[in-house]
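Asker: Here it is: the structure, laid out below.
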Amino acid sequence: MTNRPLPLPAVLKRLQTEGGAGNFLVIEEPATGYYIQIAGSNGSALLHLEAVGNAYLDVTRRLSPAQHNRLRQLGWSDPAQQRHPGAAGSLPTSCGSDPAWSCPNHFIDCQVHDGNDREWLARLIMKTFADVYGIGSNASLDLRLNLEECQV
């Protein structure tokens, strides 16, 4: 196994310093459908992460109680099942901060201010893929970055 640098911290920086308010990144292992998605905005330290949960997984890939427990140990919140009336419309800025929204996935809302924070977050993401989804560091992950176009 080679110890190659991951581009993930640099991609996370782009999520926070380019585009607009609706930027997002999806990191997926295509063979299994396991993914982590991250929403962010240009100029904001707040990132909202979601790790796929059973609501979006094929029945053969559903997470076990032990996998759910490991997500909690890593700091992920359980999916929020309750949705309040009148919440239809625009996308949430954060599942955890707005009680009108529900998240079918496990989630983390965090502040990412610098390169050290981005390195920490990249390690957490890779640890989640390894420990929860059983996807090792040599797996080929797809990174899809969507930077919202800024209109003047």
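Residue numbering restarts at 1 for every chain of the structure tokens, chains are lettered A, B, ... in their displayed order, and ligands are numbered from 1 as they appear.
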Might you pull out every residue within 8 Å of region 120-137 of chain A, with only C-alpha atoms counted and same-chain residues fewer than 5 positions away left off, and present them as a compact mmCIF listing (two decimals) with N, CA, C and O atoms, in the first residue's frame?
Answerer:
# COMPACT_ATOMS: atom_id res chain seq x y z
N LEU A 8 -8.57 15.37 -1.43
CA LEU A 8 -9.77 15.79 -0.74
C LEU A 8 -9.65 17.13 0.00
O LEU A 8 -10.55 17.97 -0.14
N PRO A 9 -8.59 17.40 0.76
CA PRO A 9 -8.52 18.72 1.41
C PRO A 9 -8.55 19.88 0.41
O PRO A 9 -9.20 20.90 0.67
N GLU A 29 -18.42 5.50 -3.69
CA GLU A 29 -17.81 4.26 -4.14
C GLU A 29 -18.85 3.62 -5.06
O GLU A 29 -19.87 3.12 -4.60
N TYR A 34 -22.31 3.43 -1.74
CA TYR A 34 -22.05 4.16 -0.51
C TYR A 34 -21.47 5.54 -0.85
O TYR A 34 -20.59 5.65 -1.70
N ILE A 36 -20.75 9.87 0.67
CA ILE A 36 -20.80 10.97 1.62
C ILE A 36 -20.92 12.23 0.78
O ILE A 36 -20.20 12.40 -0.20
N GLN A 67 -22.87 -0.96 12.36
CA GLN A 67 -22.42 0.14 11.49
C GLN A 67 -23.04 1.46 11.93
O GLN A 67 -22.36 2.49 11.93
N HIS A 68 -24.30 1.45 12.32
CA HIS A 68 -24.94 2.67 12.85
C HIS A 68 -24.22 3.13 14.11
O HIS A 68 -23.97 4.32 14.30
N ARG A 70 -21.09 2.59 14.89
CA ARG A 70 -19.77 3.14 14.53
C ARG A 70 -19.92 4.56 13.98
O ARG A 70 -19.08 5.41 14.27
N LEU A 71 -20.96 4.82 13.21
CA LEU A 71 -21.20 6.19 12.74
C LEU A 71 -21.34 7.14 13.93
O LEU A 71 -20.73 8.22 13.94
N LEU A 74 -18.06 7.89 15.53
CA LEU A 74 -17.24 8.81 14.74
C LEU A 74 -17.78 10.25 14.77
O LEU A 74 -17.15 11.15 14.21
Asker: Go through region 4-151 of chain A and collect every residue that DSSP, computed from the backbone, puts in helix (DSSP H, G or I); the answer should be as a JSON list (two decimals) with N, CA, C and O atoms, in the first residue's frame.
Answerer:
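The new file part00.json reads:
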[["chain", "number", "residue", "atom", "x", "y", "z"],
["A", 8, "LEU", "N", -8.57, 15.37, -1.43],
["A", 8, "LEU", "CA", -9.77, 15.79, -0.74],
["A", 8, "LEU", "C", -9.65, 17.13, 0.00],
["A", 8, "LEU", "O", -10.55, 17.97, -0.14],
["A", 9, "PRO", "N", -8.59, 17.40, 0.76],
["A", 9, "PRO", "CA", -8.52, 18.72, 1.41],
["A", 9, "PRO", "C", -8.55, 19.88, 0.41],
["A", 9, "PRO", "O", -9.20, 20.90, 0.67],
["A", 10, "ALA", "N", -7.91, 19.71, -0.73],
["A", 10, "ALA", "CA", -7.93, 20.78, -1.75],
["A", 10, "ALA", "C", -9.33, 20.94, -2.33],
["A", 10, "ALA", "O", -9.77, 22.07, -2.61],
["A", 11, "VAL", "N", -10.05, 19.84, -2.52],
["A", 11, "VAL", "CA", -11.42, 19.91, -3.04],
["A", 11, "VAL", "C", -12.33, 20.56, -2.00],
["A", 11, "VAL", "O", -13.20, 21.38, -2.34],
["A", 12, "LEU", "N", -12.15, 20.23, -0.73],
["A", 12, "LEU", "CA", -12.93, 20.87, 0.34],
["A", 12, "LEU", "C", -12.69, 22.38, 0.37],
["A", 12, "LEU", "O", -13.63, 23.16, 0.58],
["A", 13, "LYS", "N", -11.46, 22.78, 0.14],
["A", 13, "LYS", "CA", -11.16, 24.22, 0.10],
["A", 13, "LYS", "C", -11.91, 24.90, -1.04],
["A", 13, "LYS", "O", -12.46, 25.99, -0.87],
["A", 14, "ARG", "N", -11.94, 24.27, -2.20],
["A", 14, "ARG", "CA", -12.68, 24.83, -3.34],
["A", 14, "ARG", "C", -14.16, 24.98, -3.01],
["A", 14, "ARG", "O", -14.80, 25.95, -3.42],
["A", 15, "LEU", "N", -14.71, 24.03, -2.28],
["A", 15, "LEU", "CA", -16.11, 24.07, -1.87],
["A", 15, "LEU", "C", -16.41, 25.34, -1.07],
["A", 15, "LEU", "O", -17.51, 25.88, -1.15],
["A", 16, "GLN", "N", -15.40, 25.81, -0.32],
["A", 16, "GLN", "CA", -15.57, 26.97, 0.55],
["A", 16, "GLN", "C", -15.08, 28.29, -0.04],
["A", 16, "GLN", "O", -15.36, 29.34, 0.52],
["A", 17, "THR", "N", -14.34, 28.23, -1.14],
["A", 17, "THR", "CA", -13.73, 29.47, -1.65],
["A", 17, "THR", "C", -14.09, 29.79, -3.09],
["A", 17, "THR", "O", -13.64, 30.80, -3.62],
["A", 54, "ASN", "N", -29.75, 4.01, 5.43],
["A", 54, "ASN", "CA", -30.55, 2.95, 4.84],
["A", 54, "ASN", "C", -31.66, 3.45, 3.91],
["A", 54, "ASN", "O", -32.09, 2.71, 3.03],
["A", 55, "ALA", "N", -32.12, 4.67, 4.07],
["A", 55, "ALA", "CA", -33.20, 5.18, 3.22],
["A", 55, "ALA", "C", -32.82, 5.18, 1.74],
["A", 55, "ALA", "O", -33.70, 5.06, 0.89],
["A", 56, "TYR", "N", -31.53, 5.31, 1.45],
["A", 56, "TYR", "CA", -31.08, 5.38, 0.06],
["A", 56, "TYR", "C", -30.24, 4.18, -0.37],
["A", 56, "TYR", "O", -29.65, 4.21, -1.44],
["A", 59, "VAL", "N", -31.43, -2.90, -0.47],
["A", 59, "VAL", "CA", -31.66, -3.78, 0.68],
["A", 59, "VAL", "C", -30.44, -4.66, 0.99],
["A", 59, "VAL", "O", -30.18, -5.00, 2.14],
["A", 60, "THR", "N", -29.66, -5.00, -0.03],
["A", 60, "THR", "CA", -28.48, -5.84, 0.18],
["A", 60, "THR", "C", -27.30, -5.06, 0.76],
["A", 60, "THR", "O", -26.31, -5.65, 1.16],
["A", 61, "ARG", "N", -27.40, -3.74, 0.79],
["A", 61, "ARG", "CA", -26.31, -2.88, 1.30],
["A", 61, "ARG", "C", -26.68, -2.15, 2.58],
["A", 61, "ARG", "O", -25.92, -1.31, 3.06],
["A", 65, "PRO", "N", -26.86, -2.66, 12.78],
["A", 65, "PRO", "CA", -26.79, -1.89, 14.02],
["A", 65, "PRO", "C", -25.34, -1.54, 14.41],
["A", 65, "PRO", "O", -25.08, -0.45, 14.90],
["A", 66, "ALA", "N", -24.41, -2.45, 14.16],
["A", 66, "ALA", "CA", -23.00, -2.16, 14.48],
["A", 66, "ALA", "C", -22.46, -1.02, 13.62],
["A", 66, "ALA", "O", -21.70, -0.18, 14.11],
["A", 67, "GLN", "N", -22.87, -0.96, 12.36],
["A", 67, "GLN", "CA", -22.42, 0.14, 11.49],
["A", 67, "GLN", "C", -23.04, 1.46, 11.93],
["A", 67, "GLN", "O", -22.36, 2.49, 11.93],
["A", 68, "HIS", "N", -24.30, 1.45, 12.32],
["A", 68, "HIS", "CA", -24.94, 2.67, 12.85],
["A", 68, "HIS", "C", -24.22, 3.13, 14.11],
["A", 68, "HIS", "O", -23.97, 4.32, 14.30],
["A", 69, "ASN", "N", -23.87, 2.19, 14.97],
["A", 69, "ASN", "CA", -23.15, 2.52, 16.20],
["A", 69, "ASN", "C", -21.79, 3.14, 15.88],
["A", 69, "ASN", "O", -21.37, 4.11, 16.51],
["A", 70, "ARG", "N", -21.09, 2.59, 14.89],
["A", 70, "ARG", "CA", -19.77, 3.14, 14.53],
["A", 70, "ARG", "C", -19.92, 4.56, 13.98],
["A", 70, "ARG", "O", -19.08, 5.41, 14.27],
["A", 71, "LEU", "N", -20.96, 4.82, 13.21],
["A", 71, "LEU", "CA", -21.20, 6.19, 12.74],
["A", 71, "LEU", "C", -21.34, 7.14, 13.93],
["A", 71, "LEU", "O", -20.73, 8.22, 13.94],
["A", 72, "ARG", "N", -22.12, 6.74, 14.92],
["A", 72, "ARG", "CA", -22.27, 7.59, 16.11],
["A", 72, "ARG", "C", -20.94, 7.78, 16.83],
["A", 72, "ARG", "O", -20.62, 8.88, 17.28],
["A", 73, "GLN", "N", -20.14, 6.71, 16.94],
["A", 73, "GLN", "CA", -18.83, 6.82, 17.59],
["A", 73, "GLN", "C", -17.92, 7.81, 16.86],
["A", 73, "GLN", "O", -17.10, 8.48, 17.48],
["A", 115, "GLY", "N", -6.52, 24.77, 6.68],
["A", 115, "GLY", "CA", -5.99, 23.52, 6.14],
["A", 115, "GLY", "C", -5.98, 22.39, 7.14],
["A", 115, "GLY", "O", -6.23, 21.23, 6.79],
["A", 116, "ASN", "N", -5.68, 22.69, 8.40],
["A", 116, "ASN", "CA", -5.69, 21.64, 9.43],
["A", 116, "ASN", "C", -7.09, 21.07, 9.62],
["A", 116, "ASN", "O", -7.25, 19.85, 9.76],
["A", 117, "ASP", "N", -8.09, 21.94, 9.61],
["A", 117, "ASP", "CA", -9.47, 21.46, 9.72],
["A", 117, "ASP", "C", -9.85, 20.60, 8.51],
["A", 117, "ASP", "O", -10.52, 19.58, 8.66],
["A", 118, "ARG", "N", -9.43, 21.02, 7.33],
["A", 118, "ARG", "CA", -9.74, 20.25, 6.12],
["A", 118, "ARG", "C", -9.03, 18.90, 6.12],
["A", 118, "ARG", "O", -9.61, 17.89, 5.69],
["A", 119, "GLU", "N", -7.81, 18.84, 6.63],
["A", 119, "GLU", "CA", -7.10, 17.56, 6.75],
["A", 119, "GLU", "C", -7.83, 16.64, 7.74],
["A", 119, "GLU", "O", -8.00, 15.45, 7.48],
["A", 120, "TRP", "N", -8.26, 17.21, 8.87],
["A", 120, "TRP", "CA", -9.02, 16.43, 9.85],
["A", 120, "TRP", "C", -10.29, 15.88, 9.23],
["A", 120, "TRP", "O", -10.62, 14.70, 9.39],
["A", 121, "LEU", "N", -11.02, 16.74, 8.49],
["A", 121, "LEU", "CA", -12.28, 16.31, 7.88],
["A", 121, "LEU", "C", -12.05, 15.23, 6.82],
["A", 121, "LEU", "O", -12.81, 14.26, 6.74],
["A", 122, "ALA", "N", -11.00, 15.38, 6.03],
["A", 122, "ALA", "CA", -10.68, 14.36, 5.02],
["A", 122, "ALA", "C", -10.39, 13.02, 5.69],
["A", 122, "ALA", "O", -10.84, 11.97, 5.21],
["A", 123, "ARG", "N", -9.68, 13.04, 6.82],
["A", 123, "ARG", "CA", -9.40, 11.79, 7.55],
["A", 123, "ARG", "C", -10.69, 11.18, 8.09],
["A", 123, "ARG", "O", -10.88, 9.97, 8.04],
["A", 124, "LEU", "N", -11.59, 12.03, 8.61],
["A", 124, "LEU", "CA", -12.87, 11.53, 9.11],
["A", 124, "LEU", "C", -13.67, 10.88, 7.98],
["A", 124, "LEU", "O", -14.25, 9.80, 8.17],
["A", 125, "ILE", "N", -13.70, 11.50, 6.84],
["A", 125, "ILE", "CA", -14.43, 10.95, 5.70],
["A", 125, "ILE", "C", -13.86, 9.60, 5.30],
["A", 125, "ILE", "O", -14.59, 8.62, 5.12],
["A", 126, "MET", "N", -12.55, 9.52, 5.18],
["A", 126, "MET", "CA", -11.92, 8.26, 4.79],
["A", 126, "MET", "C", -12.09, 7.19, 5.87],
["A", 126, "MET", "O", -12.28, 6.01, 5.56],
["A", 127, "LYS", "N", -12.05, 7.60, 7.14],
["A", 127, "LYS", "CA", -12.27, 6.65, 8.23],
["A", 127, "LYS", "C", -13.71, 6.13, 8.20],
["A", 127, "LYS", "O", -13.95, 4.95, 8.47],
["A", 128, "THR", "N", -14.65, 6.99, 7.86],
["A", 128, "THR", "CA", -16.04, 6.57, 7.74],
["A", 128, "THR", "C", -16.19, 5.54, 6.62],
["A", 128, "THR", "O", -16.84, 4.51, 6.80],
["A", 129, "PHE", "N", -15.59, 5.82, 5.47],
["A", 129, "PHE", "CA", -15.65, 4.84, 4.37],
["A", 129, "PHE", "C", -15.05, 3.51, 4.80],
["A", 129, "PHE", "O", -15.61, 2.45, 4.53],
["A", 130, "ALA", "N", -13.92, 3.55, 5.51],
["A", 130, "ALA", "CA", -13.24, 2.31, 5.91],
["A", 130, "ALA", "C", -13.99, 1.58, 7.02],
["A", 130, "ALA", "O", -14.31, 0.39, 6.90],
["A", 131, "ASP", "N", -14.28, 2.28, 8.12],
["A", 131, "ASP", "CA", -14.83, 1.64, 9.31],
["A", 131, "ASP", "C", -16.31, 1.27, 9.18],
["A", 131, "ASP", "O", -16.75, 0.27, 9.73]]
